[in-house]
Amino acid sequence: MMQIRLEKRLEPSKTMLYLSPIGAVLVTALVGALVFSLIGYDGVGAVREIFLTPLLNPLKWQDLAVKSAPLIIIAVGLAIGYRANVWNIGAEGQYVLGGLAATGVALLTRDMSGAWILPLMIVAGMAGGMAWAAVPAFLRTRLQVNEILTSLMLTYVAIQLLNYLVIGPWKDPMGFGFPQTRMFTGDQMLPRVVPGTIVHLGVPIAIIVALGAWFFMSRSVFGYQIKVVGAAPSAARYGGFSVNRTIWLALLTGGALAGLAGVLEAAGPFGRMVPSFPTNYGFTAIIVAFLGRLHPIGIIFAGLAMAVAVVGGEVAQTTIKLPVAAVGIFQAMMLFFLLASDVLVRYRLRLGARAEVEIAR
Amino acid sequence: MDLLIPIIFTLIGASTPILIAALGELVVEKSGVLNLGVEGMMLIGAVVAFAVTYTSGNPWLAIGCAALAAAASSMIFAFLTLTLSASQVATGLALTIFGTGFSALFGQGYTGRPIDIFRSVFPAELASHPIWRLIFGHSPLVYFSLILVFAVWFFLNKTRAGLILRAVGENDFSAHSIGYSVIGVRYAAVAFGGAMAGIAGSCFPLLLTPQWAEKLTAGRGWIALALVVFAAWRPFRLLAGAYLFGLVMTIELYTKASGSMGLLPSEFWAALPYLATIIVLVLISLRRSGHSAAPACLGKPFMPGQ
């Protein structure tokens with residue numbers, strides 16, 4: 001009888017480690033086309049619109065830059081946590097809180113001007129995201145409450161808070177009754193960095209965040225501590241690293257970065273707070289973090305790749321009437337295939353009849 | 001009294017999907033596996049149940065198909081985590097994202113089309129009086145959920161198969177060394193959890209809102225996961241917990257219907273189930289003395305011979 005056997009590699013295969021995300025994207029495109037065809041869509045067309053149109057049409061490149069920025073920023077923060085085995089899956093809520101805090105500052109400074117306003121909004125947004133992440137951090141370190149559930153529950157709370165504010169106290173009095181805040185002023189908006197495009201300051205910030213996190217993870221004691229706590233908690237305790245401090249650090253960093261992404265969206269593409277502000281970036285970034293191998297540089301590439309799917313999803317929404325949430329199928333498939341191919345990173349596949357394997361031993 | 005019976009009725013309805021999904025997940029976790037894909041599997045169940053009811057008009061068939069579809073999706077999770085030992089957290093999340101996308105794609109053709117609620121199986125005369133209605137007036141899904149509480153309790157505590165399942169969840173290596181198939185038991189548990197999540201999802205179109213909408217389950221799958229922790233992995237405590245949450249959600253529905261509760265905005269009541277979940281998790285951990293009630297192998301991959 002033919003058998004597939006898994007043989008543990010002495011060391012994870014580096015080649016497979018880098019190749020598997022690319023393989024996962026390619027297999028996703030193939031299987032995606034097949035699945036979409038099976039349920040009665042133009043499968044090849046859907047895959048072309050989602051994966052190729054954003055790449056082949058130069059007009060879409062600025063969208064790719066703008067959409068990848070928040071994904072990269074949030075994913076970098078999540079990856080730091082995941083490295084330490086801290087499962088923050090509530091980045092969406094921290095992102096909303098970042099946007100809300102920045103909007104709060106914008107509403108308070110509406111009659112003022114000056115270059116200090118935007119930095120203040122950024123600080124407030126990061127603080128907002130951190131505050132939202134501090135709740136799971138406190139509950140996990142003090143009471144051993146699982147951060148997966150608390151961070152996720154807070155996302156639903158954040159969305160209700162947003163709804164309350166834009167329908168209630170923060171509603172634009174000149175907005176013809178629409179549930180939205182007033183438009184931000186010039187000093188409250190992110191400047192464009194490439195004239196004639198929609199590419200705003202958030203794009204270079206995303207690159208800086210990723211490079212900074214790379215430096216932090218590879219060079220600092222904290223980065224080392226996070227890796228040790230994630231890989232071997234008991235060794236970390238023995239080595240004098242505080243697990244609780246690492247949990248705090250991981251969650252607050254993740255919250256601050258998700259909050260930052262929220263500010264950049266509020267003061268960038270949105271320019272005000274609206275009920276549609278929760279854009280699923282917080283959840284998509286979880287996949288970006290894994291696809292980027294929890295490595296800041298990998299995340300830049302993964303963020304760009306995922307932005308292709310996000311922008312392509314919007315294209316497919318108008319051209320072939322694909323509901324925008326359907327892109328989630330592709331995102332999930334990418335993660336499924338990546339996790340499946342990870343077995344090749346850790347193991348060698350051996351095919352053969354069982355008897356031969358026994359002899360080989 | 002005039003208000004009490006409708007409130008109890010709404011409460012029972014709102015609790016039912018959470019109860020069914022949580023009972024399924026309880027069995028999964030007892031076998032040592034943490035499947036965070038409950039929300040996604042519920043959405044798959046919901047859209048399949050809606051589509052089958054709309055096309056065939058047969059709610060029983062719809063429930064069966066929902067259970068099968070969600071169980072099939074849970075096998076993706078089982079293969080990745082049990083056979084390939086991928087991260088259970090990451091795979092479960094991927095399953096939820098997959099289910100969300102699948103239900104949005106599959107359900108878009110059904111937006112704005114109503115179906116019939118799955119009504120009581122008992123003759124209407126039996127349920128004419130309000131008190132009798134409390135006993136005989138429910139959807140079959142409600143009776144199913146109540147029987148399931150007892151069945152899961154009985155299975156886990158009174159049967160040999162339940163004992164094996166608990167052994168696998170508490171000490172996989174010992175169970176393996178005395179000859180039980182750890183992976184096999186876990187596959188079966190995950191499939192059962194998937195089927196229950198699918199039936200839980202079918203409660204949304206068949207019992208609660210006979211209209212299709214994206215993300216119909218609105219995080220109830222996550223609340224089910226929290227409830228398992230709340231119930232300390234005990235079926236009857238799960239029943240109490242689910243009805244408590246049903247009450248919170250009923251308050252939300254009634255405040256929405258009456259416009260406002262005067263004191264607090266409606267968004268507060270909409271956020272309350274999620275806040276209550278956090279509060280409940282905190283209370284549990286405060287009361288928990290020393291060791292956790294969680295199965296010892298929960299979330300850990302099993303790799304014999306490594």
# chains A, B, ... in the order shown; residues from 1 in each chain; ligands from 1

$ closest_atom_pairs --of "chain A" --to "chain B" --cutoff "8 Å" --atoms "only C-alpha atoms" --output "CSV"
residue,atom,partner,partner_atom,distance
A:Leu139,CA,B:Val282,CA,7.3
A:Leu143,CA,B:Ser285,CA,5.9
A:Gln144,CA,B:Ser285,CA,6.8
A:Val145,CA,B:Leu281,CA,6.5
A:Leu149,CA,B:Ala226,CA,6.7
A:Thr150,CA,B:Ile278,CA,5.8
A:Met153,CA,B:Tyr274,CA,5.2
A:Leu154,CA,B:Tyr274,CA,7.1
A:Tyr156,CA,B:Ala271,CA,6.6
A:Val157,CA,B:Ala271,CA,5.1
A:Gln160,CA,B:Glu267,CA,5.3
A:Leu161,CA,B:Glu267,CA,7.0
A:Asn163,CA,B:Glu267,CA,7.0
A:Tyr164,CA,B:Glu267,CA,5.8
A:Ile287,CA,B:Ala94,CA,7.9
A:Leu322,CA,B:Leu105,CA,7.2
A:Pro323,CA,B:Leu105,CA,6.0
A:Ala325,CA,B:Gly101,CA,5.0
A:Ala326,CA,B:Gly101,CA,4.2
A:Val327,CA,B:Gly101,CA,6.4
A:Gly328,CA,B:Gly101,CA,4.5
A:Ile329,CA,B:Phe98,CA,4.8
A:Phe330,CA,B:Phe98,CA,7.8
A:Gln331,CA,B:Phe98,CA,7.6
A:Ala332,CA,B:Ala94,CA,4.9
A:Met333,CA,B:Phe98,CA,7.2
A:Leu335,CA,B:Ala94,CA,6.3
A:Phe336,CA,B:Ala94,CA,6.7
A:Leu339,CA,B:Ala86,CA,5.9
A:Ala340,CA,B:Leu80,CA,6.0
A:Asp342,CA,B:Ala86,CA,7.6
A:Val343,CA,B:Leu84,CA,6.1

$ write_last_selection --atoms "N, CA, C and O atoms" --output "tab-separated table (two decimals), in the first residue's frame"
chain	number	residue	atom	x	y	z
A	139	LEU	N	-6.60	41.88	31.21
A	139	LEU	CA	-7.36	40.69	31.60
A	139	LEU	C	-6.52	39.41	31.47
A	139	LEU	O	-6.64	38.50	32.28
A	143	LEU	N	-5.83	38.15	35.07
A	143	LEU	CA	-6.88	37.17	35.38
A	143	LEU	C	-6.84	35.94	34.48
A	143	LEU	O	-7.71	35.10	34.55
A	144	GLN	N	-5.82	35.85	33.64
A	144	GLN	CA	-5.70	34.69	32.74
A	144	GLN	C	-6.90	34.54	31.80
A	144	GLN	O	-7.26	33.42	31.43
A	145	VAL	N	-7.55	35.65	31.46
A	145	VAL	CA	-8.65	35.57	30.49
A	145	VAL	C	-8.06	35.55	29.09
A	145	VAL	O	-7.18	36.36	28.76
A	149	LEU	N	-10.75	35.92	22.71
A	149	LEU	CA	-12.18	36.27	22.81
A	149	LEU	C	-12.36	37.73	23.23
A	149	LEU	O	-13.20	38.44	22.65
A	150	THR	N	-11.56	38.20	24.19
A	150	THR	CA	-11.79	39.57	24.66
A	150	THR	C	-11.48	40.58	23.56
A	150	THR	O	-12.24	41.53	23.35
A	153	MET	N	-14.35	40.49	21.03
A	153	MET	CA	-15.60	41.07	21.54
A	153	MET	C	-15.53	42.59	21.50
A	153	MET	O	-16.50	43.28	21.19
A	154	LEU	N	-14.33	43.13	21.83
A	154	LEU	CA	-14.19	44.59	21.86
A	154	LEU	C	-14.33	45.20	20.47
A	154	LEU	O	-14.66	46.39	20.33
A	156	TYR	N	-16.65	44.36	18.30
A	156	TYR	CA	-18.09	44.63	18.15
A	156	TYR	C	-18.49	45.84	18.97
A	156	TYR	O	-19.32	46.65	18.54
A	157	VAL	N	-17.88	45.99	20.15
A	157	VAL	CA	-18.18	47.16	20.99
A	157	VAL	C	-17.71	48.44	20.30
A	157	VAL	O	-18.41	49.45	20.27
A	160	GLN	N	-20.08	49.56	17.62
A	160	GLN	CA	-21.28	50.21	18.19
A	160	GLN	C	-20.96	51.62	18.69
A	160	GLN	O	-21.77	52.53	18.55
A	161	LEU	N	-19.77	51.77	19.26
A	161	LEU	CA	-19.35	53.11	19.73
A	161	LEU	C	-19.27	54.07	18.55
A	161	LEU	O	-19.74	55.21	18.61
A	163	ASN	N	-20.93	53.81	15.71
A	163	ASN	CA	-22.29	54.10	15.27
A	163	ASN	C	-22.94	55.15	16.15
A	163	ASN	O	-23.58	56.09	15.67
A	164	TYR	N	-22.75	54.98	17.47
A	164	TYR	CA	-23.35	55.92	18.41
A	164	TYR	C	-22.83	57.34	18.16
A	164	TYR	O	-23.61	58.28	18.08
A	287	ILE	N	-4.22	37.61	8.04
A	287	ILE	CA	-3.72	36.76	6.96
A	287	ILE	C	-2.41	37.31	6.41
A	287	ILE	O	-1.47	36.57	6.13
A	322	LEU	N	-19.40	40.62	-8.21
A	322	LEU	CA	-18.98	39.73	-7.13
A	322	LEU	C	-19.14	40.48	-5.82
A	322	LEU	O	-18.64	41.60	-5.70
A	323	PRO	N	-19.86	39.91	-4.82
A	323	PRO	CA	-19.96	40.64	-3.55
A	323	PRO	C	-18.57	40.80	-2.94
A	323	PRO	O	-17.74	39.91	-3.04
A	325	ALA	N	-17.41	40.76	-0.05
A	325	ALA	CA	-17.01	39.81	0.99
A	325	ALA	C	-16.51	38.49	0.39
A	325	ALA	O	-15.81	37.74	1.06
A	326	ALA	N	-16.86	38.22	-0.88
A	326	ALA	CA	-16.44	36.97	-1.49
A	326	ALA	C	-14.93	36.89	-1.61
A	326	ALA	O	-14.37	35.79	-1.71
A	327	VAL	N	-14.26	38.05	-1.61
A	327	VAL	CA	-12.80	38.04	-1.66
A	327	VAL	C	-12.24	37.31	-0.45
A	327	VAL	O	-11.15	36.75	-0.50
A	328	GLY	N	-13.03	37.29	0.63
A	328	GLY	CA	-12.63	36.54	1.82
A	328	GLY	C	-12.35	35.08	1.51
A	328	GLY	O	-11.49	34.46	2.14
A	329	ILE	N	-13.07	34.52	0.54
A	329	ILE	CA	-12.82	33.13	0.15
A	329	ILE	C	-11.38	32.98	-0.33
A	329	ILE	O	-10.67	32.06	0.06
A	330	PHE	N	-10.94	33.92	-1.16
A	330	PHE	CA	-9.57	33.87	-1.67
A	330	PHE	C	-8.58	34.05	-0.53
A	330	PHE	O	-7.57	33.37	-0.45
A	331	GLN	N	-8.88	35.02	0.35
A	331	GLN	CA	-7.95	35.28	1.45
A	331	GLN	C	-7.83	34.05	2.34
A	331	GLN	O	-6.72	33.66	2.73
A	332	ALA	N	-8.97	33.43	2.65
A	332	ALA	CA	-8.93	32.26	3.51
A	332	ALA	C	-8.21	31.10	2.82
A	332	ALA	O	-7.43	30.38	3.45
A	333	MET	N	-8.45	30.96	1.50
A	333	MET	CA	-7.79	29.88	0.78
A	333	MET	C	-6.28	30.06	0.79
A	333	MET	O	-5.53	29.10	0.95
A	335	LEU	N	-4.55	31.39	3.10
A	335	LEU	CA	-4.06	30.99	4.42
A	335	LEU	C	-4.12	29.46	4.57
A	335	LEU	O	-3.17	28.86	5.07
A	336	PHE	N	-5.20	28.84	4.10
A	336	PHE	CA	-5.29	27.38	4.15
A	336	PHE	C	-4.09	26.75	3.44
A	336	PHE	O	-3.42	25.87	3.96
A	339	LEU	N	-0.80	27.30	5.28
A	339	LEU	CA	-0.66	26.45	6.46
A	339	LEU	C	-0.42	25.01	6.04
A	339	LEU	O	0.35	24.29	6.67
A	340	ALA	N	-1.07	24.59	4.94
A	340	ALA	CA	-0.87	23.23	4.47
A	340	ALA	C	0.55	23.05	3.96
A	340	ALA	O	1.20	22.04	4.23
A	342	ASP	N	3.11	24.59	4.89
A	342	ASP	CA	4.08	24.70	5.98
A	342	ASP	C	4.57	23.35	6.44
A	342	ASP	O	5.65	23.23	7.01
A	343	VAL	N	3.76	22.33	6.18
A	343	VAL	CA	4.18	20.99	6.57
A	343	VAL	C	5.46	20.62	5.81
A	343	VAL	O	6.32	19.90	6.31

$ residues_around --residues "stretch 52-67 of chain A" --least-positions-apart "5" --cutoff "9 Å" --atoms "only C-alpha atoms" --output "MDAnalysis selection string"
chainID A and resid 47 197:200 202:203 269 303:312 315

$ atom_distance --atom1 "atom CA of A:Ser218" --atom2 "atom CA of A:Leu294"
12.6 Å

$ closest_residue --among "B:Ala72, B:Ile115, B:Ile7, B:Val38" --to "B:Thr53" --atoms "only C-alpha atoms"
B:Ile115

$ closest_residue --among "A:Ser220, A:Asn88, A:Thr103, A:Ser276" --to "A:Ala258" --atoms "only C-alpha atoms"
A:Asn88
